[in-house]
Amino acid sequence: MSFFPKHPASRLGVTQTIAYDASVGATNAFGAETYQLRLVANSACCYRIGDGTQTATTADIYLPANLVEYVIVSPGQRIAAIKATTNGLVTATAGTLWVTEMS
């Protein structure tokens with residue numbers, strides 16, 4: 001099992017934004033040197049990362065509003081996001097997810 005603690009010293013790369021609502025927003029493929037992402041959204045959302053075109057659902061990974069999260073990815077993968085709804089505990093609002101590629 002490998003541990004990949006990159007974010008304290010990673011280089012910032014391209015930033016893409018995803019506007020999401022009840023429909024899914026998606027990004028272009030990540031660059032050839034991208035192994036980590038920095039994610040932050042202005043409203044609660046759910047996101048999915050994977051190979052090829054992605055479609056996020058409210059059952060995917062939850063990202064609270066205004067929280068910075070780092071995730072490990074592979075070059076060429078994509079991310080999709082959708083506004084979060086969790087049984088009335090989170091107000092579902094449209095928003096923007098900032099996706100910064102890191103290497």
# chains A, B, ... in the order shown; residues from 1 in each chain; ligands from 1

call {"tool": "residues_around", "arguments": {"residues": "A:Asp21", "least_positions_apart": "6", "cutoff": "9 Å", "atoms": "only C-alpha atoms", "output": "PyMOL selection string"}}
result
chain A and resi 45+81-84+92-96

call {"tool": "write_last_selection", "arguments": {"atoms": "N, CA, C and O atoms", "output": "PDB file, in the first residue's frame"}}
result
ATOM      1  N   CYS A  45     -21.902  19.781  -2.638  1.00  0.00           N
ATOM      2  CA  CYS A  45     -22.071  19.013  -3.874  1.00  0.00           C
ATOM      3  C   CYS A  45     -21.610  17.586  -3.657  1.00  0.00           C
ATOM      4  O   CYS A  45     -21.016  17.247  -2.642  1.00  0.00           O
ATOM      5  N   ALA A  81     -19.770  16.817 -11.121  1.00  0.00           N
ATOM      6  CA  ALA A  81     -20.381  17.235  -9.855  1.00  0.00           C
ATOM      7  C   ALA A  81     -21.865  17.507 -10.048  1.00  0.00           C
ATOM      8  O   ALA A  81     -22.312  17.817 -11.157  1.00  0.00           O
ATOM      9  N   ILE A  82     -22.610  17.388  -8.946  1.00  0.00           N
ATOM     10  CA  ILE A  82     -24.044  17.670  -8.924  1.00  0.00           C
ATOM     11  C   ILE A  82     -24.374  18.266  -7.553  1.00  0.00           C
ATOM     12  O   ILE A  82     -23.682  17.971  -6.569  1.00  0.00           O
ATOM     13  N   LYS A  83     -25.393  19.106  -7.464  1.00  0.00           N
ATOM     14  CA  LYS A  83     -25.734  19.691  -6.165  1.00  0.00           C
ATOM     15  C   LYS A  83     -26.173  18.594  -5.201  1.00  0.00           C
ATOM     16  O   LYS A  83     -26.770  17.595  -5.596  1.00  0.00           O
ATOM     17  N   ALA A  84     -25.842  18.779  -3.934  1.00  0.00           N
ATOM     18  CA  ALA A  84     -26.102  17.760  -2.923  1.00  0.00           C
ATOM     19  C   ALA A  84     -27.504  17.877  -2.355  1.00  0.00           C
ATOM     20  O   ALA A  84     -28.034  18.972  -2.191  1.00  0.00           O
ATOM     21  N   ALA A  92     -30.195  22.033  -0.944  1.00  0.00           N
ATOM     22  CA  ALA A  92     -29.686  21.784  -2.286  1.00  0.00           C
ATOM     23  C   ALA A  92     -29.698  23.074  -3.083  1.00  0.00           C
ATOM     24  O   ALA A  92     -30.753  23.603  -3.396  1.00  0.00           O
ATOM     25  N   THR A  93     -28.511  23.605  -3.373  1.00  0.00           N
ATOM     26  CA  THR A  93     -28.409  24.811  -4.181  1.00  0.00           C
ATOM     27  C   THR A  93     -27.369  24.620  -5.268  1.00  0.00           C
ATOM     28  O   THR A  93     -26.392  23.886  -5.088  1.00  0.00           O
ATOM     29  N   ALA A  94     -27.588  25.281  -6.382  1.00  0.00           N
ATOM     30  CA  ALA A  94     -26.626  25.241  -7.475  1.00  0.00           C
ATOM     31  C   ALA A  94     -25.345  25.927  -7.027  1.00  0.00           C
ATOM     32  O   ALA A  94     -25.350  26.735  -6.097  1.00  0.00           O
ATOM     33  N   GLY A  95     -24.244  25.621  -7.669  1.00  0.00           N
ATOM     34  CA  GLY A  95     -22.986  26.240  -7.282  1.00  0.00           C
ATOM     35  C   GLY A  95     -21.897  26.009  -8.296  1.00  0.00           C
ATOM     36  O   GLY A  95     -22.143  25.584  -9.424  1.00  0.00           O
ATOM     37  N   THR A  96     -20.671  26.281  -7.861  1.00  0.00           N
ATOM     38  CA  THR A  96     -19.488  26.103  -8.699  1.00  0.00           C
ATOM     39  C   THR A  96     -18.449  25.317  -7.919  1.00  0.00           C
ATOM     40  O   THR A  96     -18.213  25.582  -6.741  1.00  0.00           O
TER      41      THR A  96
END

call {"tool": "residues_around", "arguments": {"residues": "stretch 13-20 of chain A", "least_positions_apart": "5", "cutoff": "10 Å", "atoms": "only C-alpha atoms", "output": "PyMOL selection string"}}
result
chain A and resi 25-28+30-31+33-34+37-41+43+45-46+79-84+93-103

call {"tool": "residues_around", "arguments": {"residues": "A:Ile61", "least_positions_apart": "2", "cutoff": "8 Å", "atoms": "only C-alpha atoms", "output": "list in words"}}
result
Cys46, Tyr47, Arg48, Thr58, Ala59 and Leu63 of chain A

call {"tool": "residues_around", "arguments": {"residues": "A:Gly50", "least_positions_apart": "4", "cutoff": "8 Å", "atoms": "only C-alpha atoms", "output": "list in words"}}
result
Gln54, Gln77, Arg78 and Ile79 of chain A

call {"tool": "select_by_dssp", "arguments": {"residues": "chain A", "states": "strand (DSSP E or B)", "output": "mmCIF file with N, CA, C and O atoms, in the first residue's frame"}}
result
data_model
loop_
_atom_site.group_PDB
_atom_site.id
_atom_site.type_symbol
_atom_site.label_atom_id
_atom_site.label_comp_id
_atom_site.auth_asym_id
_atom_site.auth_seq_id
_atom_site.Cartn_x
_atom_site.Cartn_y
_atom_site.Cartn_z
ATOM 1 N N LEU A 12 0.832 24.041 -8.297
ATOM 2 C CA LEU A 12 -0.510 24.316 -8.797
ATOM 3 C C LEU A 12 -0.476 24.352 -10.319
ATOM 4 O O LEU A 12 0.451 24.888 -10.915
ATOM 5 N N GLY A 13 -1.510 23.795 -10.926
ATOM 6 C CA GLY A 13 -1.607 23.779 -12.379
ATOM 7 C C GLY A 13 -2.870 24.472 -12.835
ATOM 8 O O GLY A 13 -3.327 25.445 -12.239
ATOM 9 N N VAL A 14 -3.461 23.940 -13.856
ATOM 10 C CA VAL A 14 -4.672 24.481 -14.465
ATOM 11 C C VAL A 14 -5.843 24.370 -13.495
ATOM 12 O O VAL A 14 -5.982 23.376 -12.789
ATOM 13 N N THR A 15 -6.689 25.401 -13.455
ATOM 14 C CA THR A 15 -7.927 25.344 -12.684
ATOM 15 C C THR A 15 -9.099 25.338 -13.649
ATOM 16 O O THR A 15 -9.179 26.180 -14.539
ATOM 17 N N GLN A 16 -9.972 24.353 -13.472
ATOM 18 C CA GLN A 16 -11.215 24.278 -14.239
ATOM 19 C C GLN A 16 -12.358 24.522 -13.255
ATOM 20 O O GLN A 16 -12.238 24.238 -12.073
ATOM 21 N N THR A 17 -13.463 25.052 -13.758
ATOM 22 C CA THR A 17 -14.639 25.227 -12.914
ATOM 23 C C THR A 17 -15.777 24.395 -13.470
ATOM 24 O O THR A 17 -15.905 24.220 -14.674
ATOM 25 N N ILE A 18 -16.584 23.895 -12.550
ATOM 26 C CA ILE A 18 -17.780 23.136 -12.918
ATOM 27 C C ILE A 18 -18.976 23.854 -12.314
ATOM 28 O O ILE A 18 -19.079 23.980 -11.105
ATOM 29 N N ALA A 19 -19.860 24.336 -13.168
ATOM 30 C CA ALA A 19 -21.132 24.878 -12.696
ATOM 31 C C ALA A 19 -22.088 23.699 -12.599
ATOM 32 O O ALA A 19 -22.285 22.971 -13.569
ATOM 33 N N TYR A 20 -22.652 23.478 -11.423
ATOM 34 C CA TYR A 20 -23.537 22.323 -11.238
ATOM 35 C C TYR A 20 -24.873 22.769 -10.676
ATOM 36 O O TYR A 20 -25.009 23.795 -10.042
ATOM 37 N N GLY A 25 -22.426 18.686 -14.008
ATOM 38 C CA GLY A 25 -21.388 19.449 -14.691
ATOM 39 C C GLY A 25 -20.119 18.621 -14.726
ATOM 40 O O GLY A 25 -19.852 17.865 -13.802
ATOM 41 N N ALA A 26 -19.331 18.717 -15.797
ATOM 42 C CA ALA A 26 -18.130 17.898 -15.933
ATOM 43 C C ALA A 26 -16.966 18.727 -16.464
ATOM 44 O O ALA A 26 -17.156 19.804 -17.013
ATOM 45 N N GLN A 36 -2.927 14.794 -8.559
ATOM 46 C CA GLN A 36 -3.660 15.244 -7.386
ATOM 47 C C GLN A 36 -4.516 16.440 -7.781
ATOM 48 O O GLN A 36 -4.152 17.214 -8.672
ATOM 49 N N LEU A 37 -5.675 16.576 -7.116
ATOM 50 C CA LEU A 37 -6.563 17.715 -7.329
ATOM 51 C C LEU A 37 -6.801 18.432 -6.020
ATOM 52 O O LEU A 37 -6.810 17.813 -4.953
ATOM 53 N N ARG A 38 -7.026 19.725 -6.131
ATOM 54 C CA ARG A 38 -7.489 20.535 -4.997
ATOM 55 C C ARG A 38 -8.913 20.936 -5.351
ATOM 56 O O ARG A 38 -9.151 21.568 -6.376
ATOM 57 N N LEU A 39 -9.886 20.545 -4.523
ATOM 58 C CA LEU A 39 -11.297 20.811 -4.782
ATOM 59 C C LEU A 39 -11.849 21.764 -3.739
ATOM 60 O O LEU A 39 -11.559 21.623 -2.550
ATOM 61 N N VAL A 40 -12.672 22.709 -4.179
ATOM 62 C CA VAL A 40 -13.431 23.562 -3.266
ATOM 63 C C VAL A 40 -14.681 24.026 -4.010
ATOM 64 O O VAL A 40 -14.629 24.334 -5.198
ATOM 65 N N ALA A 41 -15.819 24.015 -3.316
ATOM 66 C CA ALA A 41 -17.097 24.407 -3.919
ATOM 67 C C ALA A 41 -17.772 25.447 -3.040
ATOM 68 O O ALA A 41 -17.591 25.474 -1.826
ATOM 69 N N CYS A 45 -21.902 19.781 -2.638
ATOM 70 C CA CYS A 45 -22.071 19.013 -3.874
ATOM 71 C C CYS A 45 -21.610 17.586 -3.657
ATOM 72 O O CYS A 45 -21.016 17.247 -2.642
ATOM 73 N N CYS A 46 -21.896 16.751 -4.634
ATOM 74 C CA CYS A 46 -21.391 15.390 -4.687
ATOM 75 C C CYS A 46 -20.576 15.286 -5.962
ATOM 76 O O CYS A 46 -20.926 15.891 -6.982
ATOM 77 N N TYR A 47 -19.471 14.534 -5.917
ATOM 78 C CA TYR A 47 -18.629 14.434 -7.108
ATOM 79 C C TYR A 47 -18.193 12.999 -7.352
ATOM 80 O O TYR A 47 -18.189 12.163 -6.457
ATOM 81 N N ARG A 48 -17.828 12.754 -8.616
ATOM 82 C CA ARG A 48 -17.330 11.438 -9.030
ATOM 83 C C ARG A 48 -16.130 11.655 -9.935
ATOM 84 O O ARG A 48 -16.171 12.492 -10.836
ATOM 85 N N ILE A 49 -15.066 10.881 -9.708
ATOM 86 C CA ILE A 49 -13.849 10.940 -10.513
ATOM 87 C C ILE A 49 -13.626 9.574 -11.127
ATOM 88 O O ILE A 49 -13.797 8.554 -10.463
ATOM 89 N N GLY A 50 -13.216 9.543 -12.398
ATOM 90 C CA GLY A 50 -12.933 8.265 -13.031
ATOM 91 C C GLY A 50 -12.450 8.438 -14.455
ATOM 92 O O GLY A 50 -12.277 9.552 -14.949
ATOM 93 N N ILE A 61 -19.498 10.879 -3.572
ATOM 94 C CA ILE A 61 -18.758 11.518 -2.480
ATOM 95 C C ILE A 61 -19.277 12.926 -2.226
ATOM 96 O O ILE A 61 -19.407 13.732 -3.137
ATOM 97 N N TYR A 62 -19.566 13.212 -0.980
ATOM 98 C CA TYR A 62 -20.124 14.504 -0.554
ATOM 99 C C TYR A 62 -18.996 15.476 -0.225
ATOM 100 O O TYR A 62 -18.049 15.122 0.491
ATOM 101 N N LEU A 63 -19.090 16.688 -0.744
ATOM 102 C CA LEU A 63 -18.137 17.757 -0.434
ATOM 103 C C LEU A 63 -18.916 18.928 0.149
ATOM 104 O O LEU A 63 -19.727 19.539 -0.541
ATOM 105 N N GLU A 69 -10.509 20.222 -0.275
ATOM 106 C CA GLU A 69 -10.214 18.792 -0.200
ATOM 107 C C GLU A 69 -9.188 18.454 -1.268
ATOM 108 O O GLU A 69 -9.252 18.980 -2.385
ATOM 109 N N TYR A 70 -8.241 17.593 -0.920
ATOM 110 C CA TYR A 70 -7.238 17.113 -1.865
ATOM 111 C C TYR A 70 -7.531 15.659 -2.165
ATOM 112 O O TYR A 70 -7.770 14.872 -1.243
ATOM 113 N N VAL A 71 -7.499 15.287 -3.442
ATOM 114 C CA VAL A 71 -7.739 13.900 -3.837
ATOM 115 C C VAL A 71 -6.686 13.476 -4.850
ATOM 116 O O VAL A 71 -6.171 14.300 -5.611
ATOM 117 N N ILE A 72 -6.366 12.209 -4.836
ATOM 118 C CA ILE A 72 -5.395 11.640 -5.755
ATOM 119 C C ILE A 72 -6.133 11.125 -6.988
ATOM 120 O O ILE A 72 -7.179 10.483 -6.875
ATOM 121 N N ARG A 78 -11.412 12.276 -15.340
ATOM 122 C CA ARG A 78 -12.326 13.414 -15.351
ATOM 123 C C ARG A 78 -13.119 13.437 -14.056
ATOM 124 O O ARG A 78 -13.216 12.428 -13.366
ATOM 125 N N ILE A 79 -13.719 14.604 -13.767
ATOM 126 C CA ILE A 79 -14.559 14.753 -12.581
ATOM 127 C C ILE A 79 -15.896 15.349 -13.002
ATOM 128 O O ILE A 79 -15.960 16.145 -13.945
ATOM 129 N N ALA A 80 -16.945 14.934 -12.320
ATOM 130 C CA ALA A 80 -18.283 15.490 -12.529
ATOM 131 C C ALA A 80 -18.869 15.824 -11.163
ATOM 132 O O ALA A 80 -18.514 15.208 -10.161
ATOM 133 N N ALA A 81 -19.770 16.817 -11.121
ATOM 134 C CA ALA A 81 -20.381 17.235 -9.855
ATOM 135 C C ALA A 81 -21.865 17.507 -10.048
ATOM 136 O O ALA A 81 -22.312 17.817 -11.157
ATOM 137 N N ILE A 82 -22.610 17.388 -8.946
ATOM 138 C CA ILE A 82 -24.044 17.670 -8.924
ATOM 139 C C ILE A 82 -24.374 18.266 -7.553
ATOM 140 O O ILE A 82 -23.682 17.971 -6.569
ATOM 141 N N LYS A 83 -25.393 19.106 -7.464
ATOM 142 C CA LYS A 83 -25.734 19.691 -6.165
ATOM 143 C C LYS A 83 -26.173 18.594 -5.201
ATOM 144 O O LYS A 83 -26.770 17.595 -5.596
ATOM 145 N N GLY A 95 -24.244 25.621 -7.669
ATOM 146 C CA GLY A 95 -22.986 26.240 -7.282
ATOM 147 C C GLY A 95 -21.897 26.009 -8.296
ATOM 148 O O GLY A 95 -22.143 25.584 -9.424
ATOM 149 N N THR A 96 -20.671 26.281 -7.861
ATOM 150 C CA THR A 96 -19.488 26.103 -8.699
ATOM 151 C C THR A 96 -18.449 25.317 -7.919
ATOM 152 O O THR A 96 -18.213 25.582 -6.741
ATOM 153 N N LEU A 97 -17.840 24.353 -8.583
ATOM 154 C CA LEU A 97 -16.735 23.572 -8.022
ATOM 155 C C LEU A 97 -15.465 23.991 -8.743
ATOM 156 O O LEU A 97 -15.411 23.961 -9.971
ATOM 157 N N TRP A 98 -14.451 24.423 -7.975
ATOM 158 C CA TRP A 98 -13.152 24.766 -8.543
ATOM 159 C C TRP A 98 -12.261 23.545 -8.428
ATOM 160 O O TRP A 98 -12.058 22.999 -7.347
ATOM 161 N N VAL A 99 -11.694 23.118 -9.559
ATOM 162 C CA VAL A 99 -10.847 21.934 -9.638
ATOM 163 C C VAL A 99 -9.467 22.379 -10.082
ATOM 164 O O VAL A 99 -9.277 22.772 -11.239
ATOM 165 N N THR A 100 -8.483 22.350 -9.178
ATOM 166 C CA THR A 100 -7.127 22.759 -9.507
ATOM 167 C C THR A 100 -6.261 21.519 -9.622
ATOM 168 O O THR A 100 -6.155 20.731 -8.690
ATOM 169 N N GLU A 101 -5.652 21.351 -10.800
ATOM 170 C CA GLU A 101 -4.754 20.223 -11.032
ATOM 171 C C GLU A 101 -3.417 20.496 -10.361
ATOM 172 O O GLU A 101 -2.936 21.621 -10.362
ATOM 173 N N MET A 102 -2.834 19.460 -9.764
ATOM 174 C CA MET A 102 -1.563 19.596 -9.064
ATOM 175 C C MET A 102 -0.616 18.483 -9.516
ATOM 176 O O MET A 102 -1.055 17.390 -9.843
#

call {"tool": "atom_distance", "arguments": {"atom1": "atom CA of A:Ala29", "atom2": "atom CA of A:Gly76"}}
result
4.9 Å

call {"tool": "atom_distance", "arguments": {"atom1": "atom CA of A:Ala32", "atom2": "atom CA of A:Pro64"}}
result
28.5 Å
